Structures are given as C-alpha cells and as structure tokens.
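Shown below: upload_7.txt, with compact mmCIF, N, CA and C atoms.
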```txt
# COMPACT_ATOMS: atom_id res chain seq x y z
N MET A 1 -23.67 1.30 1.95
CA MET A 1 -23.12 2.34 1.11
C MET A 1 -22.68 1.72 -0.21
N ALA A 2 -22.99 2.35 -1.31
CA ALA A 2 -22.66 1.83 -2.62
C ALA A 2 -21.16 1.91 -2.88
N LYS A 3 -20.66 0.95 -3.64
CA LYS A 3 -19.24 0.95 -3.99
C LYS A 3 -19.03 1.93 -5.13
N PRO A 4 -18.08 2.88 -4.98
CA PRO A 4 -17.86 3.88 -6.02
C PRO A 4 -17.18 3.29 -7.25
N ASP A 5 -17.36 3.95 -8.38
CA ASP A 5 -16.63 3.56 -9.59
C ASP A 5 -15.16 3.86 -9.37
N MET A 6 -14.31 2.98 -9.86
CA MET A 6 -12.87 3.14 -9.69
C MET A 6 -12.27 3.68 -10.99
N THR A 7 -12.70 4.88 -11.38
CA THR A 7 -12.23 5.47 -12.63
C THR A 7 -11.03 6.39 -12.44
N GLY A 8 -10.64 6.64 -11.18
CA GLY A 8 -9.48 7.47 -10.90
C GLY A 8 -8.23 6.62 -10.74
N MET A 9 -7.11 7.29 -10.51
CA MET A 9 -5.84 6.58 -10.34
C MET A 9 -5.01 7.29 -9.28
N GLY A 10 -4.58 6.52 -8.28
CA GLY A 10 -3.69 7.04 -7.25
C GLY A 10 -2.36 6.32 -7.35
N LYS A 11 -1.37 6.80 -6.64
CA LYS A 11 -0.04 6.20 -6.68
C LYS A 11 0.43 5.94 -5.26
N LEU A 12 1.14 4.81 -5.09
CA LEU A 12 1.63 4.43 -3.77
C LEU A 12 3.08 3.99 -3.86
N ILE A 13 3.90 4.48 -2.92
CA ILE A 13 5.30 4.09 -2.78
C ILE A 13 5.46 3.57 -1.37
N ILE A 14 6.17 2.46 -1.21
CA ILE A 14 6.45 1.92 0.13
C ILE A 14 7.90 2.25 0.45
N GLN A 15 8.15 2.78 1.64
CA GLN A 15 9.50 3.12 2.11
C GLN A 15 9.80 2.27 3.33
N THR A 16 10.75 1.35 3.23
CA THR A 16 11.10 0.48 4.35
C THR A 16 12.38 0.97 5.02
N THR A 17 12.32 1.03 6.36
CA THR A 17 13.49 1.41 7.14
C THR A 17 13.53 0.54 8.40
N THR A 18 14.68 0.56 9.05
CA THR A 18 14.75 -0.11 10.34
C THR A 18 13.93 0.69 11.33
N ALA A 19 13.63 0.07 12.46
CA ALA A 19 12.83 0.75 13.48
C ALA A 19 13.44 2.11 13.80
N ARG A 20 12.61 3.04 14.12
CA ARG A 20 13.00 4.43 14.41
C ARG A 20 13.57 5.15 13.20
N ASP A 21 13.26 4.62 12.00
CA ASP A 21 13.59 5.32 10.76
C ASP A 21 15.09 5.61 10.61
N THR A 22 15.94 4.67 11.08
CA THR A 22 17.38 4.93 11.05
C THR A 22 18.05 4.62 9.72
N LEU A 23 17.83 3.39 9.21
CA LEU A 23 18.50 2.98 7.97
C LEU A 23 17.49 2.39 6.99
N PRO A 24 17.68 2.63 5.70
CA PRO A 24 16.79 2.01 4.72
C PRO A 24 17.03 0.51 4.68
N VAL A 25 15.99 -0.26 4.35
CA VAL A 25 16.11 -1.71 4.23
C VAL A 25 15.92 -2.09 2.77
N SER A 26 17.00 -2.52 2.15
CA SER A 26 16.91 -2.97 0.76
C SER A 26 16.63 -4.47 0.74
N GLY A 27 16.07 -4.93 -0.36
CA GLY A 27 15.81 -6.36 -0.52
C GLY A 27 14.56 -6.88 0.16
N ALA A 28 13.71 -5.98 0.64
CA ALA A 28 12.45 -6.42 1.24
C ALA A 28 11.44 -6.70 0.13
N VAL A 29 10.70 -7.78 0.25
CA VAL A 29 9.68 -8.12 -0.73
C VAL A 29 8.37 -7.48 -0.30
N VAL A 30 7.81 -6.64 -1.16
CA VAL A 30 6.58 -5.91 -0.87
C VAL A 30 5.49 -6.40 -1.82
N THR A 31 4.33 -6.74 -1.26
CA THR A 31 3.19 -7.11 -2.10
C THR A 31 2.03 -6.18 -1.79
N VAL A 32 1.28 -5.83 -2.82
CA VAL A 32 0.10 -5.00 -2.69
C VAL A 32 -1.06 -5.79 -3.27
N SER A 33 -2.15 -5.90 -2.50
CA SER A 33 -3.32 -6.62 -2.96
C SER A 33 -4.58 -5.85 -2.59
N GLN A 34 -5.70 -6.30 -3.12
CA GLN A 34 -6.96 -5.67 -2.77
C GLN A 34 -7.21 -5.91 -1.29
N SER A 35 -7.79 -4.95 -0.63
CA SER A 35 -8.08 -5.07 0.79
C SER A 35 -9.41 -5.76 0.98
N GLY A 36 -9.50 -6.58 1.99
CA GLY A 36 -10.76 -7.24 2.30
C GLY A 36 -10.96 -8.51 1.51
N GLN A 37 -12.02 -9.20 1.85
CA GLN A 37 -12.33 -10.46 1.21
C GLN A 37 -13.84 -10.54 1.05
N GLU A 38 -14.28 -10.84 -0.16
CA GLU A 38 -15.71 -10.93 -0.41
C GLU A 38 -16.08 -12.33 -0.85
N ASN A 39 -17.17 -12.85 -0.34
CA ASN A 39 -17.70 -14.16 -0.72
C ASN A 39 -16.67 -15.27 -0.63
N GLY A 40 -15.77 -15.20 0.34
CA GLY A 40 -14.79 -16.25 0.54
C GLY A 40 -13.68 -16.28 -0.50
N ILE A 41 -13.63 -15.30 -1.39
CA ILE A 41 -12.60 -15.24 -2.42
C ILE A 41 -11.42 -14.45 -1.87
N PRO A 42 -10.21 -15.01 -1.93
CA PRO A 42 -9.06 -14.27 -1.41
C PRO A 42 -8.78 -13.00 -2.22
N PRO A 43 -8.18 -11.99 -1.59
CA PRO A 43 -7.86 -10.76 -2.31
C PRO A 43 -6.92 -11.02 -3.47
N GLU A 44 -7.07 -10.24 -4.53
CA GLU A 44 -6.24 -10.38 -5.71
C GLU A 44 -4.91 -9.67 -5.51
N LEU A 45 -3.81 -10.38 -5.81
CA LEU A 45 -2.48 -9.78 -5.76
C LEU A 45 -2.33 -8.84 -6.95
N LEU A 46 -1.96 -7.59 -6.68
CA LEU A 46 -1.84 -6.59 -7.74
C LEU A 46 -0.39 -6.32 -8.12
N TYR A 47 0.49 -6.23 -7.12
CA TYR A 47 1.89 -5.93 -7.38
C TYR A 47 2.78 -6.70 -6.40
N SER A 48 3.97 -6.99 -6.86
CA SER A 48 5.03 -7.53 -6.01
C SER A 48 6.33 -6.89 -6.48
N ALA A 49 7.12 -6.39 -5.53
CA ALA A 49 8.37 -5.72 -5.87
C ALA A 49 9.36 -5.88 -4.73
N VAL A 50 10.62 -5.62 -5.03
CA VAL A 50 11.68 -5.67 -4.02
C VAL A 50 12.20 -4.25 -3.83
N THR A 51 12.41 -3.86 -2.57
CA THR A 51 12.88 -2.50 -2.30
C THR A 51 14.32 -2.33 -2.79
N ASP A 52 14.62 -1.12 -3.25
CA ASP A 52 15.96 -0.81 -3.75
C ASP A 52 16.89 -0.44 -2.59
N ARG A 53 18.08 0.02 -2.89
CA ARG A 53 19.05 0.32 -1.83
C ARG A 53 18.64 1.48 -0.94
N SER A 54 17.69 2.28 -1.40
CA SER A 54 17.17 3.36 -0.55
C SER A 54 15.94 2.90 0.24
N GLY A 55 15.58 1.61 0.11
CA GLY A 55 14.45 1.07 0.85
C GLY A 55 13.10 1.36 0.22
N ARG A 56 13.09 1.84 -1.02
CA ARG A 56 11.83 2.23 -1.67
C ARG A 56 11.43 1.25 -2.76
N THR A 57 10.12 1.16 -2.97
CA THR A 57 9.58 0.40 -4.08
C THR A 57 9.42 1.32 -5.27
N PRO A 58 9.18 0.73 -6.46
CA PRO A 58 8.75 1.58 -7.56
C PRO A 58 7.37 2.17 -7.23
N VAL A 59 6.92 3.08 -8.04
CA VAL A 59 5.59 3.67 -7.85
C VAL A 59 4.55 2.66 -8.34
N PHE A 60 3.57 2.37 -7.49
CA PHE A 60 2.47 1.47 -7.86
C PHE A 60 1.28 2.32 -8.27
N ASP A 61 0.75 2.09 -9.46
CA ASP A 61 -0.47 2.77 -9.92
C ASP A 61 -1.67 1.93 -9.46
N LEU A 62 -2.56 2.55 -8.69
CA LEU A 62 -3.70 1.82 -8.12
C LEU A 62 -5.01 2.55 -8.42
N ALA A 63 -6.02 1.78 -8.76
CA ALA A 63 -7.34 2.34 -9.06
C ALA A 63 -7.93 2.98 -7.80
N ALA A 64 -8.64 4.07 -8.00
CA ALA A 64 -9.29 4.80 -6.91
C ALA A 64 -10.54 5.46 -7.45
N PRO A 65 -11.50 5.78 -6.57
CA PRO A 65 -12.67 6.53 -7.03
C PRO A 65 -12.24 7.92 -7.51
N PRO A 66 -12.98 8.51 -8.42
CA PRO A 66 -12.62 9.85 -8.91
C PRO A 66 -12.74 10.89 -7.79
N ARG A 67 -12.01 11.97 -7.94
CA ARG A 67 -12.06 13.05 -6.93
C ARG A 67 -13.48 13.55 -6.68
N SER A 68 -14.31 13.50 -7.71
CA SER A 68 -15.68 14.00 -7.57
C SER A 68 -16.47 13.22 -6.52
N ALA A 69 -16.03 12.00 -6.18
CA ALA A 69 -16.73 11.21 -5.15
C ALA A 69 -16.66 11.91 -3.80
N SER A 70 -15.65 12.74 -3.57
CA SER A 70 -15.52 13.43 -2.29
C SER A 70 -16.47 14.63 -2.19
N MET A 71 -17.13 14.97 -3.27
CA MET A 71 -18.02 16.13 -3.28
C MET A 71 -19.46 15.78 -2.94
N GLN A 72 -19.72 14.52 -2.67
CA GLN A 72 -21.08 14.07 -2.38
C GLN A 72 -21.21 13.72 -0.91
N PRO A 73 -21.77 14.62 -0.09
CA PRO A 73 -21.93 14.32 1.33
C PRO A 73 -22.76 13.05 1.52
N GLY A 74 -22.28 12.17 2.38
CA GLY A 74 -23.00 10.93 2.63
C GLY A 74 -22.86 9.91 1.51
N GLY A 75 -22.07 10.24 0.51
CA GLY A 75 -21.87 9.34 -0.62
C GLY A 75 -20.81 8.29 -0.32
N PRO A 76 -20.36 7.61 -1.35
CA PRO A 76 -19.35 6.58 -1.14
C PRO A 76 -18.01 7.19 -0.72
N ALA A 77 -17.17 6.36 -0.12
CA ALA A 77 -15.85 6.81 0.32
C ALA A 77 -15.04 7.30 -0.90
N PRO A 78 -14.34 8.42 -0.77
CA PRO A 78 -13.58 8.97 -1.90
C PRO A 78 -12.19 8.34 -2.05
N TYR A 79 -12.00 7.16 -1.50
CA TYR A 79 -10.70 6.49 -1.56
C TYR A 79 -10.88 4.99 -1.77
N ALA A 80 -9.82 4.34 -2.20
CA ALA A 80 -9.79 2.88 -2.33
C ALA A 80 -8.91 2.34 -1.21
N ARG A 81 -9.15 1.09 -0.82
CA ARG A 81 -8.37 0.46 0.25
C ARG A 81 -7.59 -0.73 -0.32
N TYR A 82 -6.34 -0.82 0.12
CA TYR A 82 -5.46 -1.90 -0.32
C TYR A 82 -4.74 -2.49 0.89
N ALA A 83 -4.20 -3.68 0.73
CA ALA A 83 -3.41 -4.34 1.77
C ALA A 83 -1.96 -4.43 1.30
N VAL A 84 -1.03 -4.20 2.22
CA VAL A 84 0.40 -4.23 1.92
C VAL A 84 1.08 -5.21 2.87
N GLN A 85 1.94 -6.06 2.33
CA GLN A 85 2.74 -6.96 3.15
C GLN A 85 4.21 -6.75 2.80
N VAL A 86 5.05 -6.77 3.85
CA VAL A 86 6.49 -6.58 3.66
C VAL A 86 7.20 -7.73 4.37
N GLU A 87 8.11 -8.39 3.64
CA GLU A 87 8.88 -9.49 4.21
C GLU A 87 10.35 -9.35 3.87
N HIS A 88 11.19 -9.67 4.83
CA HIS A 88 12.64 -9.68 4.64
C HIS A 88 13.18 -10.74 5.59
N PRO A 89 14.16 -11.54 5.17
CA PRO A 89 14.63 -12.63 6.03
C PRO A 89 15.23 -12.18 7.36
N ASN A 90 15.71 -10.96 7.47
CA ASN A 90 16.33 -10.49 8.72
C ASN A 90 15.38 -9.71 9.62
N PHE A 91 14.12 -9.54 9.20
CA PHE A 91 13.18 -8.71 9.95
C PHE A 91 11.85 -9.42 10.12
N GLN A 92 11.09 -8.97 11.12
CA GLN A 92 9.74 -9.49 11.33
C GLN A 92 8.87 -9.06 10.17
N PRO A 93 7.99 -9.95 9.66
CA PRO A 93 7.09 -9.54 8.58
C PRO A 93 6.08 -8.50 9.07
N VAL A 94 5.65 -7.65 8.16
CA VAL A 94 4.68 -6.60 8.49
C VAL A 94 3.51 -6.71 7.52
N SER A 95 2.30 -6.66 8.07
CA SER A 95 1.09 -6.69 7.26
C SER A 95 0.24 -5.48 7.62
N ILE A 96 -0.12 -4.70 6.61
CA ILE A 96 -0.91 -3.48 6.84
C ILE A 96 -2.17 -3.58 5.99
N VAL A 97 -3.32 -3.50 6.64
CA VAL A 97 -4.59 -3.55 5.91
C VAL A 97 -5.19 -2.15 5.85
N ASP A 98 -6.03 -1.94 4.89
CA ASP A 98 -6.74 -0.67 4.72
C ASP A 98 -5.83 0.52 4.48
N VAL A 99 -4.86 0.36 3.60
CA VAL A 99 -4.04 1.48 3.15
C VAL A 99 -4.91 2.26 2.15
N THR A 100 -5.13 3.54 2.40
CA THR A 100 -6.03 4.31 1.55
C THR A 100 -5.27 4.99 0.40
N VAL A 101 -5.92 4.98 -0.76
CA VAL A 101 -5.36 5.59 -1.97
C VAL A 101 -6.41 6.52 -2.55
N PHE A 102 -5.99 7.76 -2.83
CA PHE A 102 -6.87 8.78 -3.38
C PHE A 102 -6.50 9.09 -4.82
N ASP A 103 -7.48 9.42 -5.62
CA ASP A 103 -7.27 9.79 -7.02
C ASP A 103 -6.34 10.99 -7.12
N GLY A 104 -5.31 10.87 -7.98
CA GLY A 104 -4.42 12.00 -8.25
C GLY A 104 -3.38 12.28 -7.19
N ILE A 105 -3.28 11.44 -6.16
CA ILE A 105 -2.35 11.68 -5.06
C ILE A 105 -1.25 10.62 -5.06
N VAL A 106 0.00 11.05 -4.88
CA VAL A 106 1.11 10.13 -4.69
C VAL A 106 1.36 10.03 -3.18
N SER A 107 1.16 8.84 -2.63
CA SER A 107 1.34 8.63 -1.19
C SER A 107 2.55 7.76 -0.93
N THR A 108 3.26 8.05 0.16
CA THR A 108 4.37 7.22 0.59
C THR A 108 3.98 6.59 1.92
N LEU A 109 4.04 5.25 1.97
CA LEU A 109 3.73 4.51 3.18
C LEU A 109 5.03 4.11 3.86
N PRO A 110 5.34 4.70 5.03
CA PRO A 110 6.55 4.29 5.74
C PRO A 110 6.30 2.97 6.48
N VAL A 111 7.23 2.02 6.35
CA VAL A 111 7.12 0.75 7.06
C VAL A 111 8.41 0.56 7.86
N PHE A 112 8.27 0.45 9.18
CA PHE A 112 9.41 0.30 10.08
C PHE A 112 9.57 -1.18 10.39
N LEU A 113 10.74 -1.73 10.07
CA LEU A 113 10.99 -3.15 10.26
C LEU A 113 11.80 -3.40 11.51
N VAL A 114 11.42 -4.45 12.26
CA VAL A 114 12.08 -4.82 13.50
C VAL A 114 12.89 -6.09 13.26
N PRO A 115 14.17 -6.09 13.66
CA PRO A 115 14.99 -7.29 13.44
C PRO A 115 14.40 -8.52 14.13
N ARG A 116 14.68 -9.69 13.55
CA ARG A 116 14.21 -10.96 14.15
C ARG A 116 15.01 -11.27 15.38
```

Step by step, read the file and then write its structure as structure tokens.
Amino acid sequence: MAKPDMTGMGKLIIQTTTARDTLPVSGAVVTVSQSGQENGIPPELLYSAVTDRSGRTPVFDLAAPPRSASMQPGGPAPYARYAVQVEHPNFQPVSIVDVTVFDGIVSTLPVFLVPR
C-alpha cells in the first residue's frame, strides 16, 4: 500500500492519571516520535513535554494524511501512526506504539500509570 501524503494536521493531547483514572499525574515526561522503524534508522523524536498539575501535556500538532484519503476505498490509511512514551520516577514507564492521528481531529490519549 502506498504511503499517503502527510498534508493534513491532527492534534494529540496525553492525559496521565494513576491506575483506575483516580488522580492526575504531574511531572511525567512524555515523548512523541514517529512510529515504526525503516531501514534500521531509529524513529525521529518529534516532541518532549512534562505533564502539568492536571496530568495533561500541551497540544501536539502532528502531520496526518488529508481527510480526502479516507474517501478512496482500498487506498492508503487515512491516519498517521506515532509512538508515545511516558516516564515518571514514581511509576512504571509506559510505551504505546501505533497511536493514530487523523487530519482535523483533536485526540486525547489516556495513559494510566502504575506505581513502582
């Protein structure tokens, strides 16, 4: 399948909380990078941020295929894939691959952290 043009823009927010969504986790380091690895080249780091007191990151602007890509049956995927890592000294690290981002959509990714 051909790789679509990344002329669109999606938005991603990471929300960190303790397990079972009880309390927000501030001070977690969140990184967003390209998903996957091609030709032995490591994924490119796109963003790094620290969660605020509500456990949220700033809004990350991420490239995505245009909405029109979803109108072509059998065509390329109408979304882009990214990898997210979350680290905090008091919690187990979390790594999420294949986070999907769609053109024109603001998505919130909930991340539940488990104490060490």

Fill in the blank from the handout: Computed gap from atom N of Glu44 in chain A to CA of Val101 in chain A is 16.1 Å

Problem - Atomic distance CA of Arg67 in chain A - atom N of Val99 in chain A, expressed in Å with one decimal - result: 18.0 Å

Practice task
Apply DSSP to the backbone of this structure and, from chain A, keep only the residues in strand (DSSP E); write these as a PyMOL selection string.
Solution key: chain A and resi 8-18+29-34+45-50+60-64+79-88+91-102+106-113

Exercise for the section: Considering only N, CA and C atoms, state which residue in the set A:Asp98, A:Thr51, A:Thr22, A:Met9 is at the smallest distance from Val84 in chain A. Expected result: A:Asp98

Problem - Test item, helix (DSSP H, G or I) assignment across chain A, answer as a PyMOL selection string - result: chain A and resi 19-21+67-71

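Atom pair CA of Ala49 in chain A / CA of Gly104 in chain A has a distance of 22.0 Å (rounded to one decimal).
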
Exercise for the section: Within 8 Å of His88 in chain A, counting only C-alpha atoms, which residues show up once you throw out same-chain ones fewer than 6 positions away? Write them as JSON, numbers by chain, please. Expected result: {"A": [27, 28, 29]}

Handout entry: Residue contacts of Thr18 in chain A (9 Å, only C-alpha atoms) excluding same-chain residues fewer than 6 positions away, as an MDAnalysis selection string
Key = chainID A and resid 24:25 91 111:115

Exercise for the section: Please identify all polymer residues within 7 Å of Ile96 in chain A, counting only N, CA and C atoms, omitting same-chain residues fewer than 4 positions from it, and present them as a list in words. Expected result: Tyr82, Ala83, Val84, Gln85 and Val86 of chain A

Practice task
Quick one: everything within 6 Å of Arg56 in chain A, counting only C-alpha atoms, minus sequence neighbours fewer than 2 positions away in the same chain. Send it as a PyMOL selection string.
Solution key: chain A and resi 14-15+51-52+54

Generate the output file for the selected residues, N, CA and C atoms, as an mmCIF file, in the coordinates of the input.
```
data_model
loop_
_atom_site.group_PDB
_atom_site.id
_atom_site.type_symbol
_atom_site.label_atom_id
_atom_site.label_comp_id
_atom_site.auth_asym_id
_atom_site.auth_seq_id
_atom_site.Cartn_x
_atom_site.Cartn_y
_atom_site.Cartn_z
ATOM 1 N N ILE A 14 6.170 2.460 -1.210
ATOM 2 C CA ILE A 14 6.450 1.920 0.130
ATOM 3 C C ILE A 14 7.900 2.250 0.450
ATOM 4 N N GLN A 15 8.150 2.780 1.640
ATOM 5 C CA GLN A 15 9.500 3.120 2.110
ATOM 6 C C GLN A 15 9.800 2.270 3.330
ATOM 7 N N THR A 51 12.410 -3.860 -2.570
ATOM 8 C CA THR A 51 12.880 -2.500 -2.300
ATOM 9 C C THR A 51 14.320 -2.330 -2.790
ATOM 10 N N ASP A 52 14.620 -1.120 -3.250
ATOM 11 C CA ASP A 52 15.960 -0.810 -3.750
ATOM 12 C C ASP A 52 16.890 -0.440 -2.590
ATOM 13 N N SER A 54 17.690 2.280 -1.400
ATOM 14 C CA SER A 54 17.170 3.360 -0.550
ATOM 15 C C SER A 54 15.940 2.900 0.240
#
```

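Among the candidates A:Ser107, A:Gly75, A:Leu62, A:Arg116, the residue lying nearest to Pro89 in chain A is A:Arg116 (atoms considered: all atoms listed in the file).
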